[in-house]
$ cat query.txt   # compact mmCIF, C-alpha atoms
# COMPACT_ATOMS: atom_id res chain seq x y z
CA MET A 1 94.95 106.22 69.31
CA THR A 2 97.68 103.93 68.02
CA ARG A 3 100.59 102.75 70.18
CA THR A 4 102.83 105.12 68.21
CA ASP A 5 100.51 108.03 68.95
CA LYS A 6 100.32 107.04 72.60
CA LYS A 7 104.10 106.82 72.94
CA ALA A 8 104.38 110.31 71.47
CA PHE A 9 101.75 111.55 73.92
CA LEU A 10 103.66 110.11 76.88
CA GLU A 11 106.83 111.84 75.73
CA ARG A 12 104.85 115.07 75.50
CA THR A 13 103.54 114.46 79.01
CA LYS A 14 107.05 114.01 80.43
CA LYS A 15 107.93 117.51 79.24
CA VAL A 16 105.25 119.13 81.42
CA TRP A 17 104.07 116.66 84.12
CA ASN A 18 106.01 114.39 86.50
CA PRO A 19 108.58 112.80 84.18
CA GLY A 20 109.87 110.48 86.91
CA LYS A 21 106.54 108.81 87.62
CA THR A 22 105.66 108.54 83.94
CA ALA A 23 109.03 106.96 83.15
CA ASP A 24 108.73 104.55 86.09
CA TRP A 25 105.42 103.23 84.76
CA GLN A 26 106.91 102.84 81.31
CA ARG A 27 109.85 100.94 82.79
CA MET A 28 107.35 98.54 84.40
CA GLY A 29 105.55 98.08 81.10
CA VAL A 30 102.50 100.09 82.17
CA ASP A 31 101.52 102.92 79.84
CA ILE A 32 98.03 103.74 81.09
CA VAL A 33 96.40 107.01 80.10
CA ILE A 34 92.84 106.80 81.41
CA ASP A 35 90.11 107.81 78.98
CA ARG A 36 86.49 106.66 79.29
CA ARG A 37 85.39 105.22 82.62
CA GLU A 38 82.23 103.57 83.88
CA GLY A 39 81.40 101.38 86.86
CA TYR A 40 84.43 99.36 87.90
CA CYS A 41 86.12 99.64 84.53
CA PHE A 42 88.09 102.26 82.68
CA TRP A 43 89.42 102.38 79.14
CA ASP A 44 92.91 103.36 78.12
CA LEU A 45 93.45 105.91 75.35
CA ASP A 46 94.29 103.02 73.05
CA GLY A 47 90.83 101.51 73.70
CA ARG A 48 91.84 98.74 76.15
CA ARG A 49 89.33 97.98 78.90
CA LEU A 50 90.72 97.46 82.42
CA ILE A 51 88.84 96.31 85.52
CA ASN A 52 89.81 98.61 88.36
CA MET A 53 90.95 96.66 91.42
CA HIS A 54 92.94 99.55 92.84
CA LEU A 55 90.16 102.17 92.92
CA ASN A 56 92.74 104.88 93.56
CA GLY A 57 92.97 103.81 97.18
CA GLY A 58 89.20 103.53 97.58
CA VAL A 59 88.20 106.75 95.83
CA TYR A 60 85.97 104.70 93.51
CA ASN A 61 84.32 102.46 96.10
CA LEU A 62 81.01 103.08 94.32
CA GLY A 63 82.52 102.80 90.86
CA HIS A 64 83.59 105.42 88.36
CA ARG A 65 81.06 108.16 87.72
CA ASN A 66 78.37 106.59 89.86
CA PRO A 67 75.16 107.86 88.22
CA GLU A 68 73.42 108.67 91.52
CA VAL A 69 76.36 110.74 92.74
CA ILE A 70 76.59 112.45 89.34
CA GLU A 71 72.88 113.30 89.55
CA ALA A 72 73.22 114.66 93.11
CA VAL A 73 76.10 116.92 92.08
CA THR A 74 74.33 118.04 88.90
CA ASP A 75 71.24 118.97 90.92
CA ALA A 76 73.34 120.77 93.54
CA MET A 77 75.06 122.84 90.87
CA GLN A 78 71.70 124.36 89.93
CA HIS A 79 71.76 126.12 93.32
CA TYR A 80 75.22 125.89 94.90
CA ASP A 81 78.86 126.54 94.16
CA ILE A 82 81.75 125.84 96.55
CA GLY A 83 80.26 128.31 99.03
CA ASN A 84 82.20 130.48 101.48
CA HIS A 85 84.18 128.70 104.17
CA HIS A 86 83.77 131.62 106.59
CA PHE A 87 80.00 131.26 106.98
CA PRO A 88 77.57 128.57 108.16
CA SER A 89 76.27 126.45 105.31
CA VAL A 90 73.16 124.30 104.96
CA MET A 91 75.09 121.67 103.01
CA ARG A 92 78.05 121.52 105.40
CA THR A 93 75.76 121.20 108.39
CA ARG A 94 73.76 118.44 106.71
CA LEU A 95 76.92 116.52 105.87
CA ALA A 96 78.36 117.01 109.36
CA GLU A 97 75.17 115.62 110.87
CA ALA A 98 75.15 112.67 108.46
CA LEU A 99 78.80 111.81 109.13
CA LEU A 100 78.43 112.04 112.90
CA GLU A 101 75.34 109.86 112.78
CA THR A 102 77.46 107.04 111.31
CA ALA A 103 80.37 107.49 113.71
CA PRO A 104 80.99 106.50 117.35
CA ALA A 105 78.56 108.48 119.50
CA HIS A 106 81.17 110.49 121.40
CA LEU A 107 82.40 112.24 118.22
CA GLN A 108 80.63 115.58 118.12
CA TYR A 109 82.09 117.89 115.48
CA ALA A 110 83.11 117.63 111.82
CA ILE A 111 85.95 119.74 110.41
CA PHE A 112 86.20 119.75 106.63
CA ALA A 113 89.20 119.66 104.30
CA SER A 114 89.77 119.37 100.57
CA GLY A 115 91.77 116.13 100.78
CA GLY A 116 93.06 113.43 103.09
CA GLY A 117 96.52 114.93 103.70
CA GLU A 118 95.03 118.25 104.76
CA ALA A 119 92.56 116.43 107.00
CA ILE A 120 95.42 114.54 108.69
CA ASP A 121 97.18 117.87 109.30
CA ILE A 122 94.01 119.22 110.88
CA ALA A 123 93.75 116.17 113.14
CA LEU A 124 97.36 116.48 114.29
CA LYS A 125 97.06 120.22 114.92
CA THR A 126 93.83 119.61 116.82
CA ALA A 127 95.50 117.00 119.02
CA ARG A 128 98.37 119.35 119.78
CA ALA A 129 95.99 122.18 120.65
CA ALA A 130 93.88 119.92 122.89
CA THR A 131 96.79 118.45 124.85
CA GLY A 132 99.35 121.26 124.81
CA ARG A 133 101.89 118.67 123.67
CA ARG A 134 103.97 118.41 120.50
CA ARG A 135 105.09 114.81 120.03
CA ILE A 136 103.21 112.62 117.52
CA VAL A 137 103.59 108.84 117.46
CA SER A 138 102.94 106.76 114.34
CA LEU A 139 103.99 103.38 112.94
CA GLU A 140 107.06 102.52 110.92
CA ASN A 141 106.32 102.18 107.19
CA CYS A 142 103.02 103.96 107.54
CA TYR A 143 101.54 106.55 105.21
CA HIS A 144 99.24 109.42 106.14
CA GLY A 145 99.67 111.83 103.22
CA HIS A 146 102.19 114.26 101.76
CA THR A 147 101.28 117.57 103.43
CA GLY A 148 103.25 119.43 106.10
CA LEU A 149 102.63 117.39 109.25
CA ALA A 150 101.19 114.28 107.62
CA VAL A 151 104.35 113.56 105.62
CA LYS A 152 106.48 113.61 108.79
CA THR A 153 104.46 110.77 110.32
CA GLY A 154 105.08 108.44 107.37
CA ALA A 155 107.91 106.46 105.83
CA GLY A 156 111.09 108.41 105.12
CA ARG A 157 110.75 107.76 101.41
CA PHE A 158 108.07 110.46 101.26
CA SER A 159 109.77 113.12 103.42
CA GLU A 160 113.55 112.93 103.25
CA ARG A 161 113.88 114.05 99.63
CA PHE A 162 112.14 117.31 100.52
CA LEU A 163 114.20 117.85 103.68
CA CYS A 164 111.08 117.30 105.77
CA GLU A 165 112.63 114.74 108.11
CA PRO A 166 110.67 114.38 111.35
CA GLU A 167 112.23 116.40 114.17
CA ALA A 168 113.53 113.99 116.81
CA ASP A 169 111.66 115.76 119.60
CA GLN A 170 108.33 115.86 117.77
CA PHE A 171 107.81 112.65 115.78
CA THR A 172 108.34 109.04 116.86
CA GLN A 173 107.71 105.89 114.85
CA VAL A 174 107.37 102.43 116.37
CA PRO A 175 107.04 98.96 114.78
CA ILE A 176 103.51 97.74 114.13
CA GLY A 177 102.29 95.32 116.77
CA ASP A 178 105.04 96.19 119.30
CA LEU A 179 103.18 97.30 122.42
CA GLU A 180 106.37 97.64 124.45
CA ALA A 181 107.74 100.13 121.91
CA MET A 182 104.43 101.98 121.92
CA GLU A 183 104.39 102.20 125.71
CA ALA A 184 107.99 103.42 125.75
CA ALA A 185 107.11 106.13 123.22
CA LEU A 186 104.21 107.30 125.39
CA ALA A 187 105.94 107.03 128.74
CA GLY A 188 107.47 110.50 128.66
CA GLY A 189 104.07 112.16 128.98
CA ASP A 190 104.77 114.50 126.05
CA VAL A 191 102.75 112.80 123.30
CA ALA A 192 99.82 114.71 121.80
CA CYS A 193 98.46 111.76 119.85
CA VAL A 194 99.04 108.37 118.33
CA ILE A 195 97.91 108.21 114.70
CA LEU A 196 97.23 104.82 113.12
CA GLU A 197 95.74 103.66 109.87
CA THR A 198 93.32 101.05 111.12
CA ILE A 199 94.86 98.71 108.52
CA PRO A 200 98.04 100.20 107.00
CA ALA A 201 97.37 100.44 103.26
CA THR A 202 100.62 101.51 101.63
CA TYR A 203 102.44 98.86 103.68
CA GLY A 204 100.30 96.15 102.10
CA PHE A 205 97.44 95.83 104.62
CA PRO A 206 99.16 93.95 107.46
CA MET A 207 96.21 92.98 109.63
CA PRO A 208 96.48 94.18 113.23
CA ASP A 209 96.12 91.63 116.00
CA PRO A 210 92.51 91.83 117.29
CA ASP A 211 93.69 93.20 120.65
CA TYR A 212 96.45 95.52 119.39
CA LEU A 213 94.42 98.62 118.60
CA ARG A 214 92.44 98.34 121.84
CA ALA A 215 95.71 98.07 123.76
CA VAL A 216 97.10 101.16 122.00
CA LYS A 217 93.94 103.08 122.91
CA ALA A 218 94.31 102.01 126.54
CA LEU A 219 97.92 103.21 126.55
CA CYS A 220 96.82 106.55 125.09
CA GLU A 221 94.27 106.97 127.88
CA GLN A 222 96.84 105.97 130.49
CA HIS A 223 99.37 108.54 129.27
CA GLY A 224 97.02 111.37 128.33
CA ALA A 225 97.47 111.12 124.56
CA LEU A 226 94.70 111.20 121.95
CA TYR A 227 94.01 108.38 119.49
CA VAL A 228 93.63 109.38 115.83
CA ALA A 229 92.07 106.78 113.52
CA ASP A 230 93.13 107.31 109.91
CA GLU A 231 90.20 105.82 107.99
CA VAL A 232 90.97 107.52 104.68
CA GLN A 233 91.48 104.18 102.91
CA THR A 234 89.79 101.66 105.23
CA GLY A 235 86.57 103.49 106.10
CA LEU A 236 83.27 103.80 104.25
CA MET A 237 82.21 100.13 104.39
CA ARG A 238 85.37 98.57 102.98
CA THR A 239 85.50 96.12 105.91
CA GLY A 240 81.74 95.58 106.04
CA ARG A 241 81.36 98.33 108.63
CA MET A 242 81.09 102.04 107.92
CA TRP A 243 84.36 102.56 109.82
CA ALA A 244 86.91 99.77 110.15
CA ILE A 245 87.85 100.94 113.66
CA ASP A 246 84.39 99.89 114.89
CA GLY A 247 85.31 96.28 114.21
CA TYR A 248 88.24 96.51 116.62
CA GLY A 249 86.22 97.90 119.51
CA VAL A 250 88.08 101.21 119.65
CA ALA A 251 86.45 104.62 120.17
CA PRO A 252 88.95 107.11 118.68
CA ASP A 253 89.27 110.70 119.81
CA LEU A 254 89.58 111.81 116.19
CA LEU A 255 88.60 109.99 112.99
CA VAL A 256 89.78 111.07 109.54
CA THR A 257 87.95 110.23 106.31
CA GLY A 258 88.58 111.17 102.69
CA LYS A 259 89.22 109.49 99.31
CA GLY A 260 85.90 107.67 98.74
CA LEU A 261 83.84 110.24 100.63
CA SER A 262 82.58 111.95 97.47
CA GLY A 263 82.46 108.93 95.18
CA GLY A 264 85.39 110.28 93.16
CA ILE A 265 83.38 113.24 91.89
CA TYR A 266 84.54 116.22 93.98
CA PRO A 267 87.42 116.57 96.48
CA ILE A 268 86.32 116.50 100.11
CA ALA A 269 87.61 115.05 103.38
CA ALA A 270 86.70 115.43 107.04
CA VAL A 271 87.94 115.05 110.61
CA LEU A 272 85.44 113.95 113.25
CA VAL A 273 86.40 115.00 116.77
CA THR A 274 85.19 114.76 120.35
CA ARG A 275 84.05 117.80 122.30
CA ALA A 276 87.10 117.47 124.55
CA ALA A 277 89.48 117.53 121.57
CA ALA A 278 87.72 120.36 119.76
CA GLY A 279 88.51 123.21 122.13
CA TRP A 280 89.98 125.42 119.41
CA LEU A 281 86.65 125.47 117.59
CA HIS A 282 85.24 127.36 120.58
CA GLU A 283 88.34 129.38 121.49
CA ASP A 284 89.29 130.60 118.00
CA GLY A 285 87.23 129.20 115.16
CA TRP A 286 89.47 131.06 112.69
CA ALA A 287 92.55 129.07 113.72
CA HIS A 288 92.30 126.77 110.69
CA MET A 289 90.72 127.79 107.39
CA SER A 290 90.32 125.85 104.14
CA THR A 291 88.89 127.67 101.15
CA PHE A 292 87.75 124.48 99.44
CA GLY A 293 87.24 122.39 102.59
CA GLY A 294 83.58 121.45 102.82
CA SER A 295 82.72 122.80 99.39
CA GLU A 296 78.94 122.74 99.09
CA ILE A 297 79.18 120.82 95.81
CA GLY A 298 81.45 118.30 97.53
CA CYS A 299 78.97 118.03 100.40
CA ALA A 300 76.22 117.07 97.95
CA ALA A 301 78.42 114.32 96.53
CA ALA A 302 79.35 113.09 100.01
CA LEU A 303 75.76 113.02 101.25
CA LYS A 304 74.72 110.81 98.36
CA THR A 305 77.84 108.65 98.79
CA LEU A 306 77.05 108.09 102.48
CA GLU A 307 73.46 107.21 101.65
CA ILE A 308 74.45 104.62 99.02
CA THR A 309 77.22 103.22 101.19
CA GLY A 310 74.90 102.66 104.15
CA ARG A 311 72.07 100.98 102.25
CA PRO A 312 71.23 97.43 103.36
CA ALA A 313 71.72 96.23 99.78
CA THR A 314 75.24 97.67 99.71
CA VAL A 315 76.13 96.10 103.06
CA ALA A 316 74.76 92.75 101.87
CA ASN A 317 76.78 92.96 98.65
CA VAL A 318 79.97 93.72 100.58
CA ARG A 319 79.42 90.66 102.75
CA SER A 320 78.67 88.47 99.75
CA LEU A 321 81.78 89.67 97.90
CA THR A 322 83.87 89.17 101.04
CA THR A 323 82.87 85.52 101.14
CA PHE A 324 83.28 85.07 97.40
CA PHE A 325 86.82 86.43 97.32
CA ALA A 326 87.86 84.58 100.48
CA GLU A 327 86.78 81.26 98.94
CA GLU A 328 88.16 81.89 95.45
CA LEU A 329 91.48 83.26 96.66
CA ALA A 330 91.92 80.22 98.91
CA VAL A 331 91.54 78.01 95.82
CA LEU A 332 94.10 80.06 93.90
CA GLN A 333 96.49 80.02 96.82
CA ARG A 334 96.45 76.23 96.91
CA ARG A 335 96.82 76.06 93.13
CA HIS A 336 99.73 78.49 92.95
CA ALA A 337 101.71 77.63 96.08
CA PRO A 338 104.36 78.46 97.05
CA LEU A 339 104.47 81.70 94.97
CA PHE A 340 101.02 82.87 96.09
CA SER A 341 101.81 82.62 99.77
CA GLY A 342 99.06 84.42 101.67
CA VAL A 343 95.92 86.55 101.76
CA ARG A 344 95.44 89.47 104.13
CA GLN A 345 91.73 90.19 104.29
CA ASN A 346 89.23 92.18 106.29
CA GLY A 347 86.09 92.52 104.22
CA LEU A 348 87.08 94.06 100.89
CA VAL A 349 90.40 95.29 102.23
CA MET A 350 92.85 92.75 100.79
CA GLY A 351 96.55 92.30 100.32
CA LEU A 352 97.82 89.33 98.31
CA GLU A 353 101.24 88.04 99.41
CA PHE A 354 103.81 86.61 96.99
CA ASP A 355 106.93 84.73 97.98
CA HIS A 356 109.36 86.81 95.94
CA PRO A 357 110.87 90.26 96.67
CA ASN A 358 109.15 91.70 93.59
CA GLY A 359 106.35 89.18 93.28
CA ALA A 360 103.48 91.66 93.50
CA GLU A 361 105.08 93.98 90.96
CA TRP A 362 105.32 91.10 88.48
CA VAL A 363 101.75 89.95 89.15
CA MET A 364 100.58 93.55 88.73
CA HIS A 365 102.10 93.63 85.26
CA ALA A 366 100.69 90.22 84.33
CA LEU A 367 97.24 91.34 85.51
CA PHE A 368 97.60 94.48 83.41
CA GLU A 369 98.17 92.29 80.39
CA GLU A 370 95.04 90.32 81.34
CA GLY A 371 92.92 93.48 81.60
CA VAL A 372 92.88 94.12 85.37
CA TRP A 373 94.48 97.05 87.16
CA ALA A 374 95.80 96.46 90.69
CA ILE A 375 98.93 97.95 92.21
CA PHE A 376 101.68 96.58 94.42
CA SER A 377 102.26 98.12 97.83
CA ALA A 378 104.75 100.96 97.60
CA LEU A 379 106.40 100.00 100.90
CA ASP A 380 106.30 96.22 100.36
CA PRO A 381 106.44 95.05 96.72
CA ARG A 382 105.74 91.46 97.81
CA VAL A 383 102.11 92.47 98.45
CA LEU A 384 99.47 93.34 95.86
CA GLN A 385 96.73 95.74 96.94
CA PHE A 386 93.49 94.08 95.88
CA LYS A 387 90.39 96.26 96.27
CA PRO A 388 87.01 95.19 94.89
CA GLY A 389 84.31 97.87 94.80
CA LEU A 390 81.37 97.83 97.19
CA LEU A 391 78.82 97.44 94.38
CA MET A 392 80.79 95.04 92.17
CA GLU A 393 78.64 92.29 90.65
CA GLU A 394 79.67 88.65 90.94
CA ASP A 395 80.12 88.16 87.18
CA LEU A 396 82.78 90.86 87.13
CA ALA A 397 84.35 89.44 90.30
CA ARG A 398 84.59 86.03 88.62
CA GLU A 399 86.27 87.63 85.63
CA VAL A 400 88.83 89.18 87.98
CA ILE A 401 89.55 85.80 89.59
CA GLY A 402 90.06 84.22 86.17
CA CYS A 403 92.49 86.96 85.19
CA LEU A 404 94.36 86.61 88.48
CA ASP A 405 94.65 82.85 87.98
CA ARG A 406 96.24 83.31 84.55
CA ALA A 407 98.45 86.19 85.75
CA ILE A 408 99.98 84.17 88.60
CA GLN A 409 100.51 81.23 86.26
CA SER A 410 102.34 83.55 83.87
CA VAL A 411 104.66 84.77 86.65
CA GLN A 412 105.32 81.20 87.76
CA GLN A 413 106.38 80.32 84.24
CA ARG A 414 108.66 83.36 84.13
CA LEU A 415 110.31 82.31 87.39
CA ALA A 416 110.72 78.72 86.16
CA VAL A 417 112.55 79.93 83.05
CA ALA A 418 114.74 82.25 85.12
$ encode --input "query.txt" --output "structure tokens"
Amino acid sequence: MTRTDKKAFLERTKKVWNPGKTADWQRMGVDIVIDRREGYCFWDLDGRRLINMHLNGGVYNLGHRNPEVIEAVTDAMQHYDIGNHHFPSVMRTRLAEALLETAPAHLQYAIFASGGGEAIDIALKTARAATGRRRIVSLENCYHGHTGLAVKTGAGRFSERFLCEPEADQFTQVPIGDLEAMEAALAGGDVACVILETIPATYGFPMPDPDYLRAVKALCEQHGALYVADEVQTGLMRTGRMWAIDGYGVAPDLLVTGKGLSGGIYPIAAVLVTRAAAGWLHEDGWAHMSTFGGSEIGCAAALKTLEITGRPATVANVRSLTTFFAEELAVLQRRHAPLFSGVRQNGLVMGLEFDHPNGAEWVMHALFEEGVWAIFSALDPRVLQFKPGLLMEEDLAREVIGCLDRAIQSVQQRLAVA
């Protein structure tokens, strides 16, 4: 496809699919239309190869079209379809057991959804049912999805346009790291739950103080609220542990997973809950239903994804890549100071800080020109989301570092001219 053909295709797209988003990418000089994909690379319709350092928020932790996950799904399709969400299922039970085996021991049940937003809604409804309370506390500038309850916990950018503003008596947001504000929000005794991304992704991965999450959990226990860990983007070994929350010494009452759970092959998400929080499952198991939640094909993908993710070789590779990127990014930070001003890192969860209001947006575009795709944080365009895959090989990682070096240099030259 020539650039002329591609431009015509994008105009055709804007007539039938999200013209605003398509035009925004064009304004930023990004005209990606993903075609072939393999491993940690994809190819644009015009034939350009791009290394994927966004991974669609962690969907492709194991790479695009991981052959083992593809094989597991292909085999499953010889026997299964999505199944029937009303009845017990061999595949759903197997996946529930596998998920719970990886999770904190007090989590006892798995509730399935078709995506992360739906799973967040399930978690919030479950907390309300368990406590008999309505108020939900979250962080300012957080993001938990775009569905009915989930969107009201997040930044106003995602809710106000649709007249979904959080009701003042039901949703409270507090600044990250502010324990006094958190305690004040909980003090009224009317909070069903506090929901936190273990490391807020869309806000650019600000790293929580080591004691902050434990202190929030203690406040929840003190005031009778439940703690919901949103692990949709930070779980599944991205921090070197299956669940990032484990590294902070917190045992959540509910844990939400999605995105990378099926290796990017079939939509599936899940909420893991304690027995105490799961009363509605016993009282009225029909209270929440999801036709595609826990699809048996999706379960097959997720089972294989969990197996690969938990392998000793995968864990070792994550640790090796963590060290590699920490060392190489430190070199680049010294070389490109003061523009490249900081690195936020926990394992392979990384946010790169730039000392300019739009620094990450500019570096994103320069990286795109170099053949790497990474995206700036929607709620903080100074920070570039930087997400290597769990199975990435060092040669490809070195190529990424070389591209980043040249991209930052290009932005520095642009700023010098300006």
$ residues_around --input "query.txt" --residues "Ala244 of chain A" --least-positions-apart "4" --cutoff "12 Å" --atoms "all atoms listed in the file" --output "ChimeraX atom specification"
/A:102-104,196-200,207-208,213,229-240,248-252,255-257,346-349
$ closest_residue --input "query.txt" --among "A:Val69, A:Met53, A:Val33, A:Ile122" --to "Leu306 of chain A" --atoms "all atoms listed in the file"
A:Val69
$ closest_residue --input "query.txt" --among "A:Val411, A:His365, A:Gly204, A:Phe324" --to "Trp25 of chain A" --atoms "all atoms listed in the file"
A:His365
$ atom_distance --input "query.txt" --atom1 "atom CA of Asn52 of chain A" --atom2 "atom CA of Gly298 of chain A"
23.3 Å
$ closest_residue --input "query.txt" --among "A:Ala330, A:Met77, A:Leu404, A:Leu179" --to "Ala301 of chain A" --atoms "all atoms listed in the file"
A:Met77
$ residues_around --input "query.txt" --residues "Phe112 of chain A" --least-positions-apart "5" --cutoff "12 Å" --atoms "all atoms listed in the file" --output "MDAnalysis selection string"
chainID A and resid 85 91:93 95:96 99 117:123 255:258 261 267:273 288:296 298:299 302
$ closest_atom_pairs --input "query.txt" --of "segment 33-100 of chain A" --to "segment 387-391 of chain A" --cutoff "8 Å" --atoms "only C-alpha atoms" --output "tab-separated table"
residue	atom	partner	partner_atom	distance
A:Tyr40	CA	A:Gly389	CA	7.1
A:Asn52	CA	A:Pro388	CA	7.9
A:Met53	CA	A:Lys387	CA	4.9
A:His54	CA	A:Lys387	CA	5.4
A:Leu55	CA	A:Lys387	CA	6.8
A:Gly58	CA	A:Lys387	CA	7.5
A:Tyr60	CA	A:Gly389	CA	7.1
A:Asn61	CA	A:Gly389	CA	4.8
A:Leu62	CA	A:Leu390	CA	6.0
A:Gly63	CA	A:Gly389	CA	6.6
$ closest_residue --input "query.txt" --among "A:Val372, A:Val383, A:Leu332, A:Val30" --to "Arg344 of chain A" --atoms "all atoms listed in the file"
A:Val383
$ residues_around --input "query.txt" --residues "Ala397 of chain A" --least-positions-apart "3" --cutoff "9 Å" --atoms "all atoms listed in the file" --output "list in words"
Leu321, Phe324, Phe325, Pro388, Met392, Glu393, Glu394, Val400, Ile401 and Gly402 of chain A
$ axis_aligned_box --input "query.txt" --around "segment 149-152 of chain A" --padding-each-side "3 Å" --output "JSON"
{"center_x": 103.8, "center_y": 115.5, "center_z": 107.4, "size_x": 11.3, "size_y": 9.8, "size_z": 9.6}
$ residues_around --input "query.txt" --residues "Arg49 of chain A" --least-positions-apart "5" --cutoff "10 Å" --atoms "only C-alpha atoms" --output "ChimeraX atom specification"
/A:34-37,41-44,370-373
$ residues_around --input "query.txt" --residues "Ala76 of chain A" --least-positions-apart "2" --cutoff "9 Å" --atoms "all atoms listed in the file" --output "PyMOL selection string"
chain A and resi 71-74+78-81+296-297+300-301
$ atom_distance --input "query.txt" --atom1 "atom CA of Trp243 of chain A" --atom2 "atom CA of Arg311 of chain A"
14.5 Å
$ closest_residue --input "query.txt" --among "A:Ala187, A:Ile265, A:Val315, A:Leu281" --to "His64 of chain A" --atoms "all atoms listed in the file"
A:Ile265
$ closest_residue --input "query.txt" --among "A:Lys217, A:Val16, A:Ala326, A:Leu50" --to "Ile32 of chain A" --atoms "all atoms listed in the file"
A:Leu50
$ atom_distance --input "query.txt" --atom1 "atom CA of Met242 of chain A" --atom2 "atom CA of Thr309 of chain A"
7.9 Å
$ decode --input "query.txt" --residues "segment 211-224 of chain A" --atoms "N, CA and C atoms" --output "PDB file, in the first residue's frame"
ATOM      1  N   ASP A 211       5.105   2.058  51.667  1.00  0.00           N
ATOM      2  CA  ASP A 211       4.174   1.863  52.774  1.00  0.00           C
ATOM      3  C   ASP A 211       2.762   2.352  52.467  1.00  0.00           C
ATOM      4  N   TYR A 212       2.569   3.033  51.342  1.00  0.00           N
ATOM      5  CA  TYR A 212       1.283   3.684  51.083  1.00  0.00           C
ATOM      6  C   TYR A 212       0.144   2.680  50.941  1.00  0.00           C
ATOM      7  N   LEU A 213       0.328   1.672  50.097  1.00  0.00           N
ATOM      8  CA  LEU A 213      -0.757   0.729  49.858  1.00  0.00           C
ATOM      9  C   LEU A 213      -1.094  -0.064  51.117  1.00  0.00           C
ATOM     10  N   ARG A 214      -0.068  -0.425  51.895  1.00  0.00           N
ATOM     11  CA  ARG A 214      -0.337  -1.117  53.164  1.00  0.00           C
ATOM     12  C   ARG A 214      -1.134  -0.223  54.105  1.00  0.00           C
ATOM     13  N   ALA A 215      -0.803   1.063  54.128  1.00  0.00           N
ATOM     14  CA  ALA A 215      -1.524   1.990  55.001  1.00  0.00           C
ATOM     15  C   ALA A 215      -2.977   2.146  54.555  1.00  0.00           C
ATOM     16  N   VAL A 216      -3.206   2.192  53.231  1.00  0.00           N
ATOM     17  CA  VAL A 216      -4.576   2.276  52.728  1.00  0.00           C
ATOM     18  C   VAL A 216      -5.359   1.027  53.120  1.00  0.00           C
ATOM     19  N   LYS A 217      -4.726  -0.139  53.001  1.00  0.00           N
ATOM     20  CA  LYS A 217      -5.416  -1.379  53.405  1.00  0.00           C
ATOM     21  C   LYS A 217      -5.754  -1.350  54.888  1.00  0.00           C
ATOM     22  N   ALA A 218      -4.860  -0.852  55.714  1.00  0.00           N
ATOM     23  CA  ALA A 218      -5.134  -0.767  57.149  1.00  0.00           C
ATOM     24  C   ALA A 218      -6.308   0.172  57.423  1.00  0.00           C
ATOM     25  N   LEU A 219      -6.369   1.287  56.690  1.00  0.00           N
ATOM     26  CA  LEU A 219      -7.496   2.207  56.853  1.00  0.00           C
ATOM     27  C   LEU A 219      -8.808   1.555  56.413  1.00  0.00           C
ATOM     28  N   CYS A 220      -8.761   0.783  55.340  1.00  0.00           N
ATOM     29  CA  CYS A 220      -9.965   0.060  54.906  1.00  0.00           C
ATOM     30  C   CYS A 220     -10.460  -0.872  56.010  1.00  0.00           C
ATOM     31  N   GLU A 221      -9.546  -1.622  56.600  1.00  0.00           N
ATOM     32  CA  GLU A 221      -9.931  -2.548  57.666  1.00  0.00           C
ATOM     33  C   GLU A 221     -10.488  -1.788  58.872  1.00  0.00           C
ATOM     34  N   GLN A 222      -9.871  -0.672  59.183  1.00  0.00           N
ATOM     35  CA  GLN A 222     -10.310   0.129  60.331  1.00  0.00           C
ATOM     36  C   GLN A 222     -11.732   0.656  60.136  1.00  0.00           C
ATOM     37  N   HIS A 223     -12.071   1.011  58.898  1.00  0.00           N
ATOM     38  CA  HIS A 223     -13.361   1.655  58.640  1.00  0.00           C
ATOM     39  C   HIS A 223     -14.361   0.732  57.940  1.00  0.00           C
ATOM     40  N   GLY A 224     -14.060  -0.546  57.845  1.00  0.00           N
ATOM     41  CA  GLY A 224     -15.020  -1.502  57.319  1.00  0.00           C
ATOM     42  C   GLY A 224     -15.228  -1.459  55.820  1.00  0.00           C
TER      43      GLY A 224
END
